[in-house]
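Since the structure comes first, as structure tokens, the remarks are kept for the end.
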Amino acid sequence: MDFVLFFLTAAIALAGAIAMIVARNAVHSALFLLLNFGAIAVLFLLLQSPFLFTIQLSIYAGAIMVLFLFVVMLLGAEQVEAAQDKLPWQQPLALVMGAGLLVIAMITAVRGGSNDAPPGGEAAEAFGDPASLGELLFTKYLLPFQITGIILLVAVIGVVVLNQQRNQAQTEETPGERPSSSVQP
Amino acid sequence: MNWLGLLIIIIQSVVIALAVTTAFAYLTLFERRLLARFQNRVGPNRAGPNGFLQPVADAVKLFFKEDIVPSAADKAVYLLAPAIAVIPAIIIWAVIPFGCLNIDWNYRACFAESSSGVNNILQIADINVGVLYLLAITSIGVYGITLAGWASNNKYSMMGGIRSTAQLISYELALGTAVLAVVMTFSTLSTHELVYHQGTLWGIVPQFLAFVIFMIASTAEVVRAPFDLVEAEQELVGGYNTEYGSMKFALFFMTEYIKLIAVSAMAVTFFFGGWRFPGLEMLGAGVEGLAGPVVASIAVGLASLGSFLLKLVGFLFLSVWIRASWPRIRYDRLMDLGWKWLLPLGLINLAATAVAFVLIESFVLASFMLLAFSLLSLAIAAGINRVPKPVDNVTYVSDVRSRAETGQ
């Protein structure tokens, strides 16, 4: 049963990914990407990892895609504009690099074999259990974990700085008007 | 998984889906009657005894209305949106324990920490990430509203959709911090274990601040008064569901109320001991002595279910009460409340919880210390949060009058 489920979910994920690129309407694209995220969440479940399933749903489907939709809807940018492509060399380069990535993935899959234990099998005792995952994060993988946190912090500071600069520019233009930091549709 | 287990899960799911739908129907009646009482009216009392058949009449009316699809709407998304809205509202019930009826006829298993041997028929799935599941499903609940607003191709609906995304993003973090503090207190993510750990002390004592944040954030999350800017009748003519009629409207209506019941059930599970009440275990022991383990198990099951439902009705009453008492909040105040008050308070609460439980050995002592801390920080927050002076250009009658007087 797992086998059938895997192929079904994988097919849905692929179809969602392809439809997302092909769709002409940005909101439709976002919805197809959402379908893809959902299918990947189910794949995590099939890999005995309910923790990653819920995280995938709440972070990617629940937060990031909602923000995408919000921005698309707020700007009214559903339709693809027919403007000229300013970076014409980008498309062939992307094709070549994508193909290269696919080849590397295939080679790794063929060479690795499917019967080996996955790397990082230390958690196999209580695999996917949030407690053991948390323990690993705070002991063995503490440094990568902290570095990820710092990268996110840098992003947050960047947002604040950019917003401050824009606000200052606004107040210089129109003195006396209170700069609004909250989104007001 | 054997086929019998699968069959039992399917039956449980069907029963719960039907039960929450019925609960929705009668919640509307409950709310209308209560609101009428709050406003010194009588409320619907014509259909059946005491208006008991009013929900049936409403359902029949909605069934027979004409089903219209606006010609300028995005057809596919327009038709999908009600389904996308209602599905999360129903699947969220999968991990909520309604009670504890052990089908191996051993009521003691309900009062054991390990959730593996419980075999509780009143909870569909006890997974080790139950609380995260609840958060994940709540966070994808916004799509139905947003997409309905966008697909209707109507500016009012669109406004409602945009407002719903902004509001949900703002309050999701506060909700998350509140729930996380509860998880830290009882150090588990399983809903059964959460209920088990509240045997000594209900979650509201150590996590009073989290309870307040949870109540505000979850009311905003289910877009109910006073946070119903998404469907503000006066400004947006109903908001996201303006273009929906007939059963599609009924589905949105249903979603809203089922979500309300679901967050109330979450509040009961997190802060009010779930299906537990003092003396439940003694009841089980007494009945077992009198009539054997089968009857004892059933008695504990029914008593715990009753206790859960009673607490749930208490929360629903509170929700109707709030709706009857408070006017809608202004948009900038809504954003301020979410980002500048609830989120910082939630983070402070997380830090305080961590410090208290590491420093103080005794759970009860740490809980009461946290309760004192919560009350103190709420008092400070209420003290700092003076209502800001209006920044708009409204001229007040009193100003004009005083100006006229000084001018003369």
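Residues are referred to by chain and number: the chain letter is A, B, ... according to the order shown in the structure tokens, the number counts from 1 in that chain, and ligands are numbered separately from 1 in the order shown.
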
Worksheet item: Quick one: which residues from chain A are at most 10 Å off chain B, using only C-alpha atoms, as a VMD selection string?
Response: chain A and resid 27 to 28 31 49 to 67 69 to 74 76 128 to 131 177 to 178 180 182 to 185

Taking N, CA and C atoms for each residue, export the selection above as a tab-separated table (two decimals), in the first residue's frame.
```tsv
chain	number	residue	atom	x	y	z
A	27	VAL	N	-2.02	33.61	-9.19
A	27	VAL	CA	-2.72	32.97	-8.09
A	27	VAL	C	-2.85	31.47	-8.35
A	28	HIS	N	-3.11	31.10	-9.62
A	28	HIS	CA	-3.16	29.67	-9.94
A	28	HIS	C	-1.81	29.03	-9.67
A	31	LEU	N	-1.44	28.35	-6.11
A	31	LEU	CA	-2.25	27.22	-5.67
A	31	LEU	C	-1.61	25.89	-6.05
A	49	SER	N	7.77	10.35	9.26
A	49	SER	CA	8.21	11.54	9.98
A	49	SER	C	7.06	12.53	10.14
A	50	PRO	N	6.14	12.26	11.06
A	50	PRO	CA	4.99	13.16	11.23
A	50	PRO	C	5.40	14.57	11.63
A	51	PHE	N	6.58	14.69	12.30
A	51	PHE	CA	7.02	16.03	12.71
A	51	PHE	C	7.28	16.91	11.50
A	52	LEU	N	8.04	16.35	10.53
A	52	LEU	CA	8.32	17.13	9.32
A	52	LEU	C	7.04	17.41	8.55
A	53	PHE	N	6.09	16.48	8.63
A	53	PHE	CA	4.78	16.67	7.95
A	53	PHE	C	4.10	17.93	8.48
A	54	THR	N	4.02	18.05	9.81
A	54	THR	CA	3.33	19.21	10.36
A	54	THR	C	4.11	20.49	10.11
A	55	ILE	N	5.46	20.39	10.19
A	55	ILE	CA	6.26	21.60	9.96
A	55	ILE	C	6.11	22.05	8.52
A	56	GLN	N	6.15	21.08	7.60
A	56	GLN	CA	5.97	21.42	6.18
A	56	GLN	C	4.64	22.13	5.97
A	57	LEU	N	3.59	21.60	6.61
A	57	LEU	CA	2.26	22.22	6.45
A	57	LEU	C	2.23	23.60	7.06
A	58	SER	N	2.73	23.74	8.30
A	58	SER	CA	2.51	25.04	8.95
A	58	SER	C	3.47	26.10	8.44
A	59	ILE	N	4.72	25.73	8.10
A	59	ILE	CA	5.65	26.76	7.63
A	59	ILE	C	5.43	27.07	6.15
A	60	TYR	N	5.51	26.03	5.31
A	60	TYR	CA	5.44	26.30	3.88
A	60	TYR	C	4.02	26.60	3.43
A	61	ALA	N	3.10	25.67	3.75
A	61	ALA	CA	1.73	25.87	3.27
A	61	ALA	C	1.03	26.96	4.07
A	62	GLY	N	1.29	27.00	5.37
A	62	GLY	CA	0.51	27.90	6.21
A	62	GLY	C	1.05	29.30	6.31
A	63	ALA	N	2.36	29.49	6.16
A	63	ALA	CA	2.90	30.83	6.34
A	63	ALA	C	3.44	31.42	5.04
A	64	ILE	N	4.35	30.67	4.39
A	64	ILE	CA	5.02	31.26	3.23
A	64	ILE	C	4.06	31.47	2.07
A	65	MET	N	3.21	30.45	1.80
A	65	MET	CA	2.30	30.59	0.67
A	65	MET	C	1.23	31.64	0.94
A	66	VAL	N	0.84	31.79	2.21
A	66	VAL	CA	-0.15	32.82	2.54
A	66	VAL	C	0.44	34.19	2.23
A	67	LEU	N	1.74	34.36	2.56
A	67	LEU	CA	2.40	35.64	2.27
A	67	LEU	C	2.48	35.88	0.76
A	69	LEU	N	0.47	34.75	-1.53
A	69	LEU	CA	-0.87	35.09	-2.00
A	69	LEU	C	-1.20	36.52	-1.63
A	70	PHE	N	-0.83	36.90	-0.40
A	70	PHE	CA	-1.11	38.24	0.09
A	70	PHE	C	-0.47	39.28	-0.83
A	71	VAL	N	0.83	39.05	-1.14
A	71	VAL	CA	1.53	40.03	-1.96
A	71	VAL	C	0.93	40.08	-3.35
A	72	VAL	N	0.66	38.89	-3.93
A	72	VAL	CA	0.11	38.87	-5.29
A	72	VAL	C	-1.23	39.61	-5.33
A	73	MET	N	-2.07	39.35	-4.30
A	73	MET	CA	-3.39	39.96	-4.30
A	73	MET	C	-3.31	41.45	-4.01
A	74	LEU	N	-2.40	41.84	-3.13
A	74	LEU	CA	-2.30	43.26	-2.76
A	74	LEU	C	-1.82	44.08	-3.95
A	76	GLY	N	-2.14	43.17	-7.03
A	76	GLY	CA	-2.98	42.92	-8.21
A	76	GLY	C	-2.16	42.43	-9.38
A	128	GLY	N	11.97	10.25	13.82
A	128	GLY	CA	10.90	11.19	13.55
A	128	GLY	C	10.21	11.69	14.81
A	129	ASP	N	10.59	11.18	15.95
A	129	ASP	CA	10.01	11.64	17.21
A	129	ASP	C	10.53	13.04	17.50
A	130	PRO	N	9.66	14.01	17.74
A	130	PRO	CA	10.13	15.38	17.94
A	130	PRO	C	11.13	15.51	19.08
A	131	ALA	N	10.98	14.69	20.13
A	131	ALA	CA	11.90	14.81	21.27
A	131	ALA	C	13.33	14.45	20.85
A	177	GLU	N	3.73	64.16	8.48
A	177	GLU	CA	2.86	62.99	8.33
A	177	GLU	C	3.48	61.81	9.05
A	178	ARG	N	2.70	61.09	9.80
A	178	ARG	CA	3.24	59.96	10.56
A	178	ARG	C	3.48	58.80	9.62
A	180	SER	N	3.55	55.20	8.40
A	180	SER	CA	2.82	54.02	8.87
A	180	SER	C	3.63	52.78	8.58
A	182	SER	N	2.54	49.65	9.55
A	182	SER	CA	1.70	48.47	9.38
A	182	SER	C	1.02	48.51	8.01
A	183	VAL	N	0.74	47.33	7.52
A	183	VAL	CA	0.11	47.22	6.21
A	183	VAL	C	-1.35	47.61	6.35
A	184	GLN	N	-1.79	48.51	5.53
A	184	GLN	CA	-3.21	48.91	5.63
A	184	GLN	C	-3.90	48.82	4.29
A	185	PRO	N	-4.44	47.67	3.98
A	185	PRO	CA	-5.13	47.56	2.70
A	185	PRO	C	-6.44	48.35	2.70
```

Item to complete: Assign secondary structure with DSSP using the backbone only, and return the residues of region 78-264 of chain B in alpha helix (DSSP H) as a VMD selection string.
Response: chain B and resid 78 to 91 130 to 140 142 to 151 155 to 186 191 to 197 208 to 221 233 to 236 246 to 264

Worksheet item: What gap, in Å, lies between CA of Ser29 (chain A) and CA of Ala94 (chain A)?
Response: 19.4 Å

Would you pick out the contacts of Trp105 (chain B) at 7 Å or less, using only C-alpha atoms, so that residues sharing its chain but fewer than 2 positions from it are not included, and give the list as a PDB file with N, CA and C atoms, in the first residue's frame?
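This is the output file around_21.pdb:
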```
ATOM      1  N   ASN B 102     -12.058   3.438  27.060  1.00  0.00           N
ATOM      2  CA  ASN B 102     -11.095   2.407  26.679  1.00  0.00           C
ATOM      3  C   ASN B 102     -11.833   1.177  26.179  1.00  0.00           C
ATOM      4  N   ILE B 103     -11.561   0.743  24.920  1.00  0.00           N
ATOM      5  CA  ILE B 103     -12.329  -0.380  24.400  1.00  0.00           C
ATOM      6  C   ILE B 103     -11.731  -1.724  24.784  1.00  0.00           C
ATOM      7  N   TYR B 107     -10.458   0.993  32.379  1.00  0.00           N
ATOM      8  CA  TYR B 107     -10.527   2.454  32.474  1.00  0.00           C
ATOM      9  C   TYR B 107      -9.236   3.044  33.000  1.00  0.00           C
ATOM     10  N   PRO B 293     -15.584  -4.223  35.268  1.00  0.00           N
ATOM     11  CA  PRO B 293     -14.741  -3.318  34.484  1.00  0.00           C
ATOM     12  C   PRO B 293     -15.426  -2.750  33.236  1.00  0.00           C
ATOM     13  N   VAL B 294     -16.344  -3.540  32.610  1.00  0.00           N
ATOM     14  CA  VAL B 294     -16.946  -3.050  31.364  1.00  0.00           C
ATOM     15  C   VAL B 294     -17.775  -1.805  31.646  1.00  0.00           C
ATOM     16  N   SER B 297     -15.630   1.192  32.595  1.00  0.00           N
ATOM     17  CA  SER B 297     -15.007   1.850  31.449  1.00  0.00           C
ATOM     18  C   SER B 297     -16.013   2.742  30.730  1.00  0.00           C
TER      19      SER B 297
END
```

Discussion item. Which residues are near Gln198 (chain B)? Cut-off 12 Å, only C-alpha atoms, ignore same chain within fewer than 6 positions. Put them as a ChimeraX atom specification.
Written reply: /B:111,113,182-183,185-188,191-192,204-207,268-278,363-364,367

Item to complete: Could you check how far CA of Ala220 (chain B) sits from CA of Ala372 (chain B), in Å to one decimal?
Response: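 Here the two named atoms are 26.3 Å from each other.
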
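Of the residues under consideration (B:Trp341, B:Ile91, B:Leu35, B:Ile10), B:Trp341 shows the shortest atom-to-atom contact distance to Ile384 (chain B) when counting only C-alpha atoms.
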
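For the pair CA of Asn154 (chain B) and CA of Gly245 (chain B), the interatomic distance is 14.4 Å.
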
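Nearest to Ser377 (chain B) of all the residues B:Val355, B:Val320, B:Leu345, B:Ala59 is B:Leu345, counting only C-alpha atoms.
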